[in-house]
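S.K.: What follows is a single structure, and I will ask about it in a moment.
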Amino acid sequence: MLEQWAPAIVFLAIAFSVGFVTLFAARIMAVRAKRPSETKTLTYECGEEPAHQAWIRFHPRYYVIALVFILFDVEAAFLIPWALNVRGLGTFAMVEMFLFVAILLLGWVYALRKGALKWQ
Amino acid sequence: MEATAIAPFLPYIFDLLSLAIGLGIPLLLAGPLTWAERRQSAMIQDRVGPNRAPFPLIRSRNITVFGLLHPLADVIKLITKEDTINREVDRFLYNLAPLIAVFPALVTFAIVPFGPDVTILGQTWSLQIARVDAGILFLFAMSSLAVFGTTLAGYASANKFAMLGALRASAQMISYEVTLGLSVIGLIMVFGTLEPNAFVLGQGAYLFGGWIPKWGILVQPLGLIIFMIASIAENKRTPFDLVEGESEIIGYFVEYSGMKFGMFFMAEYIEIVVISGVVTTLFLGGWQIPFLMDGGFVFPWGASFEMAEWLVSLLRFGAFLFKVVFLCWFQLMLRWTLPRFRYDQVMKVGWRMLLPLSLLNVIVTAVVMLY
């Protein structure tokens, strides 16, 4: 088990250090202003003076999208073990799975009718 | 040196070689891809494109080789460029975000088999970094981490445009992730495995009395189309590039400059290579060549052509690389062919078209397989 995953874990470490080394090299080699001017460290808004905070309030439909996302992502997680053994499990499991998908699709239709997935 | 002396170290040498190749393919392809993209767009738009960067050290003649050295010049420029940081950013998250952006893109390549098993001195070398049973789950787990990079980048930048871009990007990415996961389920049903190399081996079978190879593209054509669309949307490239559309919102990395911006740029091109690798493995037969068996070509009409084992392995590795490069080129062409979607269209395509279609794909596949 662990032996199977060992190269993957090593690769995780290598991938992380590739990014880290690149950023570190940039930190050493990048030119730097001795004293950055006032306007240089200002938030970039195409020359306008930024007004108020950047962490603005945003529309709640992003939350709704995230909620529906969880619904279907969990569904995918449940479908995978069944998909691995469709032949062995046979008709009964398939009908059960279709029912499961149908119930979730009901939720999808509800979200659709309520306009949660609609963007104006 | 005697062969038996190095025998105990061979598995480690094989692992190291696999790591080197697996790291080399995405990193070495990503650089030329940036060049290819710019030359390609120049060709399509009837421009000249990058052609200036000369070979260093040779001063007397201006040798440029179609501007092939531009990626190198880009790296030097990005690394030495001043890193402008505005005074309101969340320092820790701001520095972390580019790292998180590159990490999942690169790591996903661990499960892609880039060649058949090779036997050297009686031991097998599997040309794949990690041969794990839950390979597809690892793929989804890692690729879903990418959303953190974009969200954190936008949030930490303390910029309204970046914030809006990150919100759009994260909503788009999670929308298409659902479809991405569901589109592979039909394929899992057909081949009955989660291990990428087993997918490739399964695609070595033939349909209709040996005439047509059983590749994913033929048994799951709808799955391939949905998977390709969803992964391009995940990568935020045209036609889904509205989160970073230059003319409207700039994107979640407005506040990044120098190599930190370069990391997001790098992540995009690494991801192109990785998407190509994954699609090749799952749908285009991986390293398989039609009618090429372990001992050479065997055609269904009876002809055959024997080849040495090392030549077969080399051909198969070449076939994998060819398919990957072809798909990379295909993604570049897509970008310069299609116009950008509007945001409501992106959401509509994701939730109202692709999601029901991928569920339909699952249902049809199940019915066809059982009856």
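To be explicit about the labels: the chains of the structure tokens are called A, B, and onward in the order shown, and within each one the residues are counted from 1, while ligands get numbers from 1 in the order they are shown.
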Give me the residues within 10 Å of Ile111 of chain B as a list in words, counting only C-alpha atoms and dropping any in the same chain fewer than 5 places off.

M.R.: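 Neighbouring residues, sequence-local ones excluded: Ala8 of chain A; Gly22, Gln128, Ile129, Ala130, Arg131, Val132, Asp133, Ala134, Gly135, Ile136, Phe138, Leu139, Glu195, Pro196, Asn197, Gly277, Val278 and Thr281 of chain B.
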
S.K.: Go ahead and write the selection's residues with C-alpha atoms as an mmCIF file, in the first residue's frame.

M.R.:
data_model
loop_
_atom_site.group_PDB
_atom_site.id
_atom_site.type_symbol
_atom_site.label_atom_id
_atom_site.label_comp_id
_atom_site.auth_asym_id
_atom_site.auth_seq_id
_atom_site.Cartn_x
_atom_site.Cartn_y
_atom_site.Cartn_z
ATOM 1 C CA ALA A 8 3.541 9.687 -5.728
ATOM 2 C CA GLY B 22 7.408 12.423 -15.747
ATOM 3 C CA GLN B 128 4.617 5.765 -14.884
ATOM 4 C CA ILE B 129 5.501 7.694 -11.774
ATOM 5 C CA ALA B 130 2.935 6.202 -9.437
ATOM 6 C CA ARG B 131 1.035 3.048 -10.299
ATOM 7 C CA VAL B 132 -1.737 3.330 -7.738
ATOM 8 C CA ASP B 133 -5.068 1.510 -7.768
ATOM 9 C CA ALA B 134 -7.000 4.704 -7.079
ATOM 10 C CA GLY B 135 -5.285 6.627 -9.880
ATOM 11 C CA ILE B 136 -8.422 8.328 -11.192
ATOM 12 C CA PHE B 138 -5.941 10.859 -7.195
ATOM 13 C CA LEU B 139 -6.398 12.729 -10.470
ATOM 14 C CA GLU B 195 -5.883 2.464 -12.569
ATOM 15 C CA PRO B 196 -4.695 4.490 -15.610
ATOM 16 C CA ASN B 197 -2.317 1.854 -16.959
ATOM 17 C CA GLY B 277 -1.732 13.413 -21.192
ATOM 18 C CA VAL B 278 -4.866 12.459 -19.290
ATOM 19 C CA THR B 281 -4.512 7.912 -21.485
#

S.K.: Could you list, with a cut-off of 7 Å and counting only C-alpha atoms, the residues of chain B near chain A, each shown with its nearest atom pair and the distance in Å rounded to one decimal, rows sorted by chain and ascending number, as a tab-separated table?

M.R.:
residue	atom	partner	partner_atom	distance
B:Ile79	CA	A:Ala26	CA	4.5
B:Thr80	CA	A:Ala30	CA	3.9
B:Lys81	CA	A:Ala30	CA	5.1
B:Glu82	CA	A:Val31	CA	4.9
B:Ile85	CA	A:Thr41	CA	6.1
B:Asn86	CA	A:Thr41	CA	4.1
B:Arg87	CA	A:Thr41	CA	5.3
B:Leu99	CA	A:Gly19	CA	5.6
B:Val102	CA	A:Gly19	CA	6.6
B:Phe103	CA	A:Phe16	CA	5.8
B:Leu106	CA	A:Ala15	CA	6.2
B:Val107	CA	A:Leu12	CA	6.0
B:Ala110	CA	A:Ala8	CA	6.3
B:Ile129	CA	A:Pro7	CA	6.2
B:Ala130	CA	A:Ala8	CA	5.1
B:Arg131	CA	A:Gln4	CA	6.5
B:Val132	CA	A:Gln4	CA	5.8
B:Ala158	CA	A:Ala54	CA	5.0
B:Asn159	CA	A:Ala54	CA	5.0
B:Lys160	CA	A:Ala54	CA	4.8
B:Ala171	CA	A:Tyr62	CA	6.4
B:Ile174	CA	A:Phe69	CA	6.4
B:Ser175	CA	A:Phe69	CA	6.4
B:Val178	CA	A:Asp73	CA	5.5
B:Gly181	CA	A:Ala76	CA	6.2
B:Leu182	CA	A:Ala76	CA	5.8
B:Ile185	CA	A:Ala83	CA	6.3
B:Ile188	CA	A:Ala83	CA	6.1
B:Met189	CA	A:Ala83	CA	4.7
B:Gly192	CA	A:Leu84	CA	4.8
B:Thr193	CA	A:Leu84	CA	6.1
B:Glu255	CA	A:Tyr44	CA	6.7
B:Met259	CA	A:Ala26	CA	6.1
B:Lys260	CA	A:Leu23	CA	6.9
B:Asp344	CA	A:Trp119	CA	4.9
B:Leu370	CA	A:Arg87	CA	6.6

S.K.: With only C-alpha atoms as the counted atoms, please give the residues lying no more than 9 Å from Val346 of chain B, apart from itself and same-chain residues fewer than 3 positions off, as a list in words.

M.R.: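 These residues fall inside the cut-off: Gln172, Ala233, Pro239, Phe240, Phe341, Arg342, Tyr343, Val349, Gly350 and Trp351 of chain B.
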
S.K.: Store the residues picked out above, limited to C-alpha atoms, as a short mmCIF file (atom, residue, chain, number, x, y, z; two decimals), in the first residue's frame.

M.R.:
data_model
loop_
_atom_site.label_atom_id
_atom_site.label_comp_id
_atom_site.auth_asym_id
_atom_site.auth_seq_id
_atom_site.Cartn_x
_atom_site.Cartn_y
_atom_site.Cartn_z
CA GLN B 172 -16.76 28.38 -13.13
CA ALA B 233 -13.05 25.24 -18.75
CA PRO B 239 -13.73 30.04 -24.96
CA PHE B 240 -13.90 29.98 -21.16
CA PHE B 341 -18.40 33.12 -23.94
CA ARG B 342 -20.46 35.48 -21.85
CA TYR B 343 -20.64 34.55 -18.18
CA VAL B 349 -23.55 25.38 -20.83
CA GLY B 350 -22.16 23.90 -17.63
CA TRP B 351 -25.30 23.34 -15.60
#

S.K.: Would you work out the distance separating atom CA of Arg38 of chain B from atom CA of Thr151 of chain B, expressed in Å to one decimal?

M.R.: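 One can read the atom CA of Arg38 of chain B to atom CA of Thr151 of chain B distance as 27.6 Å.
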
S.K.: Leaving out Leu222 of chain B and any residue of its chain fewer than 5 positions from it, which residues lie within 9 Å of it when counting only C-alpha atoms, given as a PyMOL selection string?

M.R.: chain B and resi 183+217+227+357-358+361

S.K.: Grab the residues selected above and save them as a compact mmCIF listing (two decimals), in the first residue's frame with all heavy atoms.

M.R.:
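Printed below is again39.txt as written:
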# COMPACT_ATOMS: atom_id res chain seq x y z
N SER B 183 -18.23 12.66 -16.37
CA SER B 183 -17.99 12.21 -17.73
C SER B 183 -17.07 10.99 -17.78
O SER B 183 -17.04 10.28 -18.79
CB SER B 183 -17.39 13.34 -18.57
OG SER B 183 -16.16 13.73 -18.05
N ILE B 217 -12.27 6.78 -27.22
CA ILE B 217 -12.94 7.71 -28.12
C ILE B 217 -14.06 7.01 -28.88
O ILE B 217 -15.05 7.62 -29.25
CB ILE B 217 -11.92 8.35 -29.10
CG1 ILE B 217 -12.58 9.40 -29.97
CG2 ILE B 217 -11.23 7.31 -29.95
CD1 ILE B 217 -11.62 10.17 -30.83
N PHE B 227 -15.58 15.60 -21.45
CA PHE B 227 -14.35 15.68 -20.65
C PHE B 227 -13.43 16.77 -21.18
O PHE B 227 -12.87 17.56 -20.43
CB PHE B 227 -13.63 14.33 -20.69
CG PHE B 227 -12.47 14.23 -19.74
CD1 PHE B 227 -12.67 13.85 -18.43
CD2 PHE B 227 -11.17 14.51 -20.16
CE1 PHE B 227 -11.62 13.76 -17.54
CE2 PHE B 227 -10.11 14.43 -19.28
CZ PHE B 227 -10.34 14.05 -17.97
N LEU B 357 -26.26 15.98 -19.86
CA LEU B 357 -25.68 15.12 -20.90
C LEU B 357 -24.77 14.07 -20.29
O LEU B 357 -24.80 12.90 -20.68
CB LEU B 357 -24.89 15.96 -21.89
CG LEU B 357 -25.60 16.38 -23.17
CD1 LEU B 357 -24.64 17.16 -24.05
CD2 LEU B 357 -26.11 15.18 -23.91
N SER B 358 -23.96 14.48 -19.29
CA SER B 358 -23.04 13.50 -18.71
C SER B 358 -23.81 12.46 -17.90
O SER B 358 -23.43 11.29 -17.88
CB SER B 358 -21.97 14.20 -17.86
OG SER B 358 -22.57 14.98 -16.88
N ASN B 361 -25.18 10.09 -20.37
CA ASN B 361 -24.10 9.22 -20.82
C ASN B 361 -23.93 8.03 -19.87
O ASN B 361 -23.81 6.89 -20.30
CB ASN B 361 -22.81 10.04 -20.92
CG ASN B 361 -21.69 9.26 -21.55
OD1 ASN B 361 -21.92 8.47 -22.45
ND2 ASN B 361 -20.48 9.48 -21.07

S.K.: Skip segment 11-15 of chain B itself and residues of its chain fewer than 2 positions away, then list as an MDAnalysis selection string all residues within 7 Å of it, counting only C-alpha atoms.

M.R.: chainID B and resid 9 17:19 125 129

S.K.: Running DSSP on the backbone, which parts of segment 96-309 of chain B land in strand (DSSP E), as a list of chain:residue names?

M.R.: B:Val118, B:Thr119, B:Ile120, B:Gln123, B:Thr124, B:Trp125, B:Tyr206, B:Leu207, B:Ile212, B:Pro213, B:Leu292, B:Met293, B:Gly296, B:Phe297, B:Val298, B:Ser304, B:Phe305, B:Glu306

S.K.: Quick one: write out the picked residues with all heavy atoms as a compact mmCIF listing (two decimals), in the first residue's frame?

M.R.:
# COMPACT_ATOMS: atom_id res chain seq x y z
N VAL B 118 8.71 -2.03 -19.36
CA VAL B 118 9.91 -2.49 -20.04
C VAL B 118 10.65 -3.43 -19.10
O VAL B 118 10.74 -3.17 -17.91
CB VAL B 118 10.83 -1.29 -20.38
CG1 VAL B 118 12.03 -1.77 -21.16
CG2 VAL B 118 10.07 -0.25 -21.17
N THR B 119 11.14 -4.53 -19.65
CA THR B 119 11.89 -5.47 -18.82
C THR B 119 13.39 -5.31 -19.09
O THR B 119 13.83 -5.48 -20.23
CB THR B 119 11.46 -6.91 -19.10
OG1 THR B 119 10.04 -6.97 -19.03
CG2 THR B 119 12.05 -7.86 -18.07
N ILE B 120 14.13 -4.94 -18.05
CA ILE B 120 15.58 -4.81 -18.18
C ILE B 120 16.23 -5.68 -17.12
O ILE B 120 15.90 -5.55 -15.93
CB ILE B 120 16.02 -3.35 -18.01
CG1 ILE B 120 15.37 -2.46 -19.08
CG2 ILE B 120 17.54 -3.24 -18.08
CD1 ILE B 120 15.62 -1.00 -18.86
N GLN B 123 13.99 -7.38 -14.60
CA GLN B 123 13.09 -6.63 -13.73
C GLN B 123 12.26 -5.67 -14.57
O GLN B 123 12.72 -5.13 -15.56
CB GLN B 123 13.90 -5.85 -12.70
CG GLN B 123 14.67 -6.78 -11.80
CD GLN B 123 15.17 -6.07 -10.56
OE1 GLN B 123 14.45 -5.34 -9.91
NE2 GLN B 123 16.42 -6.30 -10.23
N THR B 124 11.03 -5.46 -14.14
CA THR B 124 10.15 -4.61 -14.94
C THR B 124 10.25 -3.15 -14.49
O THR B 124 10.28 -2.86 -13.30
CB THR B 124 8.68 -5.04 -14.82
OG1 THR B 124 8.46 -5.53 -13.51
CG2 THR B 124 8.31 -6.05 -15.86
N TRP B 125 10.30 -2.30 -15.49
CA TRP B 125 10.29 -0.87 -15.24
C TRP B 125 8.97 -0.34 -15.81
O TRP B 125 8.73 -0.41 -17.01
CB TRP B 125 11.50 -0.22 -15.94
CG TRP B 125 11.47 1.26 -15.98
CD1 TRP B 125 10.82 2.09 -15.10
CD2 TRP B 125 12.12 2.11 -16.92
NE1 TRP B 125 11.03 3.40 -15.44
CE2 TRP B 125 11.82 3.46 -16.55
CE3 TRP B 125 12.93 1.90 -18.04
CZ2 TRP B 125 12.28 4.55 -17.27
CZ3 TRP B 125 13.40 2.99 -18.74
CH2 TRP B 125 13.08 4.30 -18.36
N TYR B 206 -9.80 -5.28 -29.13
CA TYR B 206 -10.36 -4.89 -30.43
C TYR B 206 -11.83 -5.23 -30.51
O TYR B 206 -12.30 -6.18 -29.89
CB TYR B 206 -9.59 -5.56 -31.57
CG TYR B 206 -8.19 -5.02 -31.66
CD1 TYR B 206 -7.17 -5.61 -30.93
CD2 TYR B 206 -7.91 -3.92 -32.44
CE1 TYR B 206 -5.90 -5.10 -30.98
CE2 TYR B 206 -6.64 -3.40 -32.49
CZ TYR B 206 -5.63 -4.00 -31.76
OH TYR B 206 -4.37 -3.49 -31.81
N LEU B 207 -12.56 -4.43 -31.26
CA LEU B 207 -13.99 -4.63 -31.47
C LEU B 207 -14.22 -5.20 -32.86
O LEU B 207 -13.37 -5.09 -33.74
CB LEU B 207 -14.74 -3.31 -31.34
CG LEU B 207 -14.61 -2.53 -30.03
CD1 LEU B 207 -15.13 -1.13 -30.21
CD2 LEU B 207 -15.35 -3.22 -28.91
N ILE B 212 -11.39 -2.89 -35.28
CA ILE B 212 -11.37 -1.55 -34.71
C ILE B 212 -10.84 -1.60 -33.27
O ILE B 212 -11.34 -2.36 -32.45
CB ILE B 212 -12.79 -0.93 -34.72
CG1 ILE B 212 -13.25 -0.77 -36.17
CG2 ILE B 212 -12.82 0.39 -34.00
CD1 ILE B 212 -14.68 -0.39 -36.30
N PRO B 213 -9.80 -0.81 -32.96
CA PRO B 213 -9.28 -0.81 -31.59
C PRO B 213 -10.30 -0.25 -30.62
O PRO B 213 -11.04 0.69 -30.94
CB PRO B 213 -8.04 0.08 -31.69
CG PRO B 213 -8.24 0.90 -32.92
CD PRO B 213 -9.05 0.07 -33.86
N LEU B 292 -0.40 -2.90 -33.15
CA LEU B 292 0.97 -3.17 -32.72
C LEU B 292 0.93 -4.01 -31.44
O LEU B 292 0.55 -3.53 -30.39
CB LEU B 292 1.72 -1.86 -32.46
CG LEU B 292 3.18 -2.03 -32.02
CD1 LEU B 292 4.00 -2.71 -33.10
CD2 LEU B 292 3.79 -0.69 -31.68
N MET B 293 1.27 -5.30 -31.57
CA MET B 293 1.31 -6.19 -30.41
C MET B 293 2.72 -6.16 -29.82
O MET B 293 3.62 -5.50 -30.35
CB MET B 293 0.95 -7.62 -30.83
CG MET B 293 -0.31 -7.72 -31.64
SD MET B 293 -1.75 -7.18 -30.69
CE MET B 293 -3.00 -7.16 -31.97
N GLY B 296 5.30 -7.10 -32.51
CA GLY B 296 5.31 -6.41 -33.79
C GLY B 296 3.90 -6.23 -34.31
O GLY B 296 2.93 -6.53 -33.63
N PHE B 297 3.78 -5.70 -35.52
CA PHE B 297 2.45 -5.45 -36.09
C PHE B 297 1.77 -6.75 -36.48
O PHE B 297 2.38 -7.62 -37.10
CB PHE B 297 2.57 -4.56 -37.33
CG PHE B 297 2.75 -3.12 -37.01
CD1 PHE B 297 3.99 -2.51 -37.13
CD2 PHE B 297 1.68 -2.36 -36.55
CE1 PHE B 297 4.16 -1.18 -36.83
CE2 PHE B 297 1.84 -1.02 -36.25
CZ PHE B 297 3.08 -0.44 -36.39
N VAL B 298 0.48 -6.90 -36.11
CA VAL B 298 -0.33 -8.01 -36.58
C VAL B 298 -1.63 -7.42 -37.10
O VAL B 298 -2.43 -6.90 -36.32
CB VAL B 298 -0.64 -9.02 -35.45
CG1 VAL B 298 -1.50 -10.15 -35.99
CG2 VAL B 298 0.65 -9.57 -34.87
N SER B 304 1.56 -9.63 -41.12
CA SER B 304 2.22 -9.34 -39.85
C SER B 304 3.65 -8.91 -40.12
O SER B 304 4.21 -9.17 -41.18
CB SER B 304 2.18 -10.56 -38.93
OG SER B 304 2.96 -11.60 -39.49
N PHE B 305 4.22 -8.24 -39.13
CA PHE B 305 5.53 -7.65 -39.31
C PHE B 305 6.24 -7.71 -37.98
O PHE B 305 5.82 -7.05 -37.03
CB PHE B 305 5.36 -6.19 -39.77
CG PHE B 305 6.65 -5.50 -40.08
CD1 PHE B 305 7.40 -5.85 -41.19
CD2 PHE B 305 7.11 -4.49 -39.24
CE1 PHE B 305 8.60 -5.20 -41.47
CE2 PHE B 305 8.30 -3.85 -39.51
CZ PHE B 305 9.06 -4.20 -40.62
N GLU B 306 7.26 -8.54 -37.88
CA GLU B 306 7.89 -8.75 -36.57
C GLU B 306 8.88 -7.65 -36.24
O GLU B 306 9.52 -7.08 -37.12
CB GLU B 306 8.59 -10.10 -36.56
CG GLU B 306 7.70 -11.21 -36.04
CD GLU B 306 8.43 -12.52 -35.95
OE1 GLU B 306 9.57 -12.52 -35.44
OE2 GLU B 306 7.87 -13.53 -36.41

S.K.: Quick one: distance from atom CA of Tyr256 of chain B to atom CA of Arg335 of chain B in Å, one decimal?

M.R.: 23.4 Å

S.K.: With only C-alpha atoms as the counted atoms, please give the residues lying no more than 10 Å from Ala30 of chain B, apart from itself and same-chain residues fewer than 3 positions off, as JSON, numbers by chain.

M.R.: {"B": [24, 25, 26, 27, 33, 34, 35, 36, 71, 265, 266, 267, 268, 269, 270, 271, 272, 273, 274, 328]}

S.K.: How about saving the chosen residues, N, CA and C atoms kept, as a JSON list (two decimals), in the first residue's frame?

M.R.:
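As a result, result37.json now contains:
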[["chain", "number", "residue", "atom", "x", "y", "z"],
["B", 24, "GLY", "N", 9.94, 15.81, -16.61],
["B", 24, "GLY", "CA", 10.48, 16.44, -17.80],
["B", 24, "GLY", "C", 9.44, 16.73, -18.86],
["B", 25, "ILE", "N", 8.50, 15.80, -19.08],
["B", 25, "ILE", "CA", 7.53, 15.98, -20.17],
["B", 25, "ILE", "C", 6.73, 17.27, -19.98],
["B", 26, "PRO", "N", 6.05, 17.46, -18.81],
["B", 26, "PRO", "CA", 5.28, 18.71, -18.71],
["B", 26, "PRO", "C", 6.15, 19.96, -18.66],
["B", 27, "LEU", "N", 7.29, 19.90, -17.95],
["B", 27, "LEU", "CA", 8.09, 21.12, -17.81],
["B", 27, "LEU", "C", 8.76, 21.52, -19.12],
["B", 33, "LEU", "N", 5.57, 25.45, -25.71],
["B", 33, "LEU", "CA", 4.15, 25.70, -25.98],
["B", 33, "LEU", "C", 3.83, 27.18, -25.98],
["B", 34, "THR", "N", 4.46, 27.94, -25.06],
["B", 34, "THR", "CA", 4.20, 29.38, -25.05],
["B", 34, "THR", "C", 4.66, 29.99, -26.36],
["B", 35, "TRP", "N", 5.80, 29.49, -26.87],
["B", 35, "TRP", "CA", 6.29, 29.96, -28.16],
["B", 35, "TRP", "C", 5.33, 29.56, -29.27],
["B", 36, "ALA", "N", 4.91, 28.28, -29.24],
["B", 36, "ALA", "CA", 4.03, 27.76, -30.28],
["B", 36, "ALA", "C", 2.73, 28.55, -30.31],
["B", 71, "PRO", "N", 10.89, 31.71, -25.22],
["B", 71, "PRO", "CA", 10.53, 31.22, -23.89],
["B", 71, "PRO", "C", 11.66, 31.42, -22.87],
["B", 265, "PHE", "N", 1.10, 31.75, -15.26],
["B", 265, "PHE", "CA", 1.28, 31.54, -16.68],
["B", 265, "PHE", "C", 1.80, 30.13, -16.94],
["B", 266, "MET", "N", 2.81, 29.74, -16.13],
["B", 266, "MET", "CA", 3.42, 28.42, -16.24],
["B", 266, "MET", "C", 2.38, 27.34, -15.96],
["B", 267, "ALA", "N", 1.58, 27.58, -14.89],
["B", 267, "ALA", "CA", 0.57, 26.59, -14.50],
["B", 267, "ALA", "C", -0.39, 26.32, -15.65],
["B", 268, "GLU", "N", -0.77, 27.38, -16.38],
["B", 268, "GLU", "CA", -1.71, 27.20, -17.48],
["B", 268, "GLU", "C", -1.13, 26.28, -18.54],
["B", 269, "TYR", "N", 0.16, 26.50, -18.88],
["B", 269, "TYR", "CA", 0.74, 25.70, -19.96],
["B", 269, "TYR", "C", 1.07, 24.29, -19.50],
["B", 270, "ILE", "N", 1.47, 24.14, -18.22],
["B", 270, "ILE", "CA", 1.67, 22.79, -17.71],
["B", 270, "ILE", "C", 0.35, 22.03, -17.75],
["B", 271, "GLU", "N", -0.73, 22.75, -17.42],
["B", 271, "GLU", "CA", -2.02, 22.08, -17.39],
["B", 271, "GLU", "C", -2.46, 21.66, -18.79],
["B", 272, "ILE", "N", -2.10, 22.44, -19.81],
["B", 272, "ILE", "CA", -2.42, 22.01, -21.17],
["B", 272, "ILE", "C", -1.79, 20.65, -21.44],
["B", 273, "VAL", "N", -0.50, 20.52, -21.06],
["B", 273, "VAL", "CA", 0.21, 19.26, -21.30],
["B", 273, "VAL", "C", -0.44, 18.14, -20.50],
["B", 274, "VAL", "N", -0.79, 18.45, -19.23],
["B", 274, "VAL", "CA", -1.34, 17.40, -18.37],
["B", 274, "VAL", "C", -2.71, 16.96, -18.88],
["B", 328, "CYS", "N", -2.11, 19.06, -27.52],
["B", 328, "CYS", "CA", -1.65, 20.41, -27.14],
["B", 328, "CYS", "C", -1.93, 21.37, -28.29]]

S.K.: Taking 3 positions as the minimum chain separation for residues in the same chain, which residues sit within 6 Å of Tyr176 of chain B when counting only C-alpha atoms? Answer as a ChimeraX atom specification.

M.R.: /B:173,179,230

S.K.: Work out how far atom CA of Ala97 of chain B is from atom CA of Ser231 of chain B, in Å to one decimal.

M.R.: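 Separation between atom CA of Ser231 of chain B and atom CA of Ala97 of chain B: 20.8 Å.
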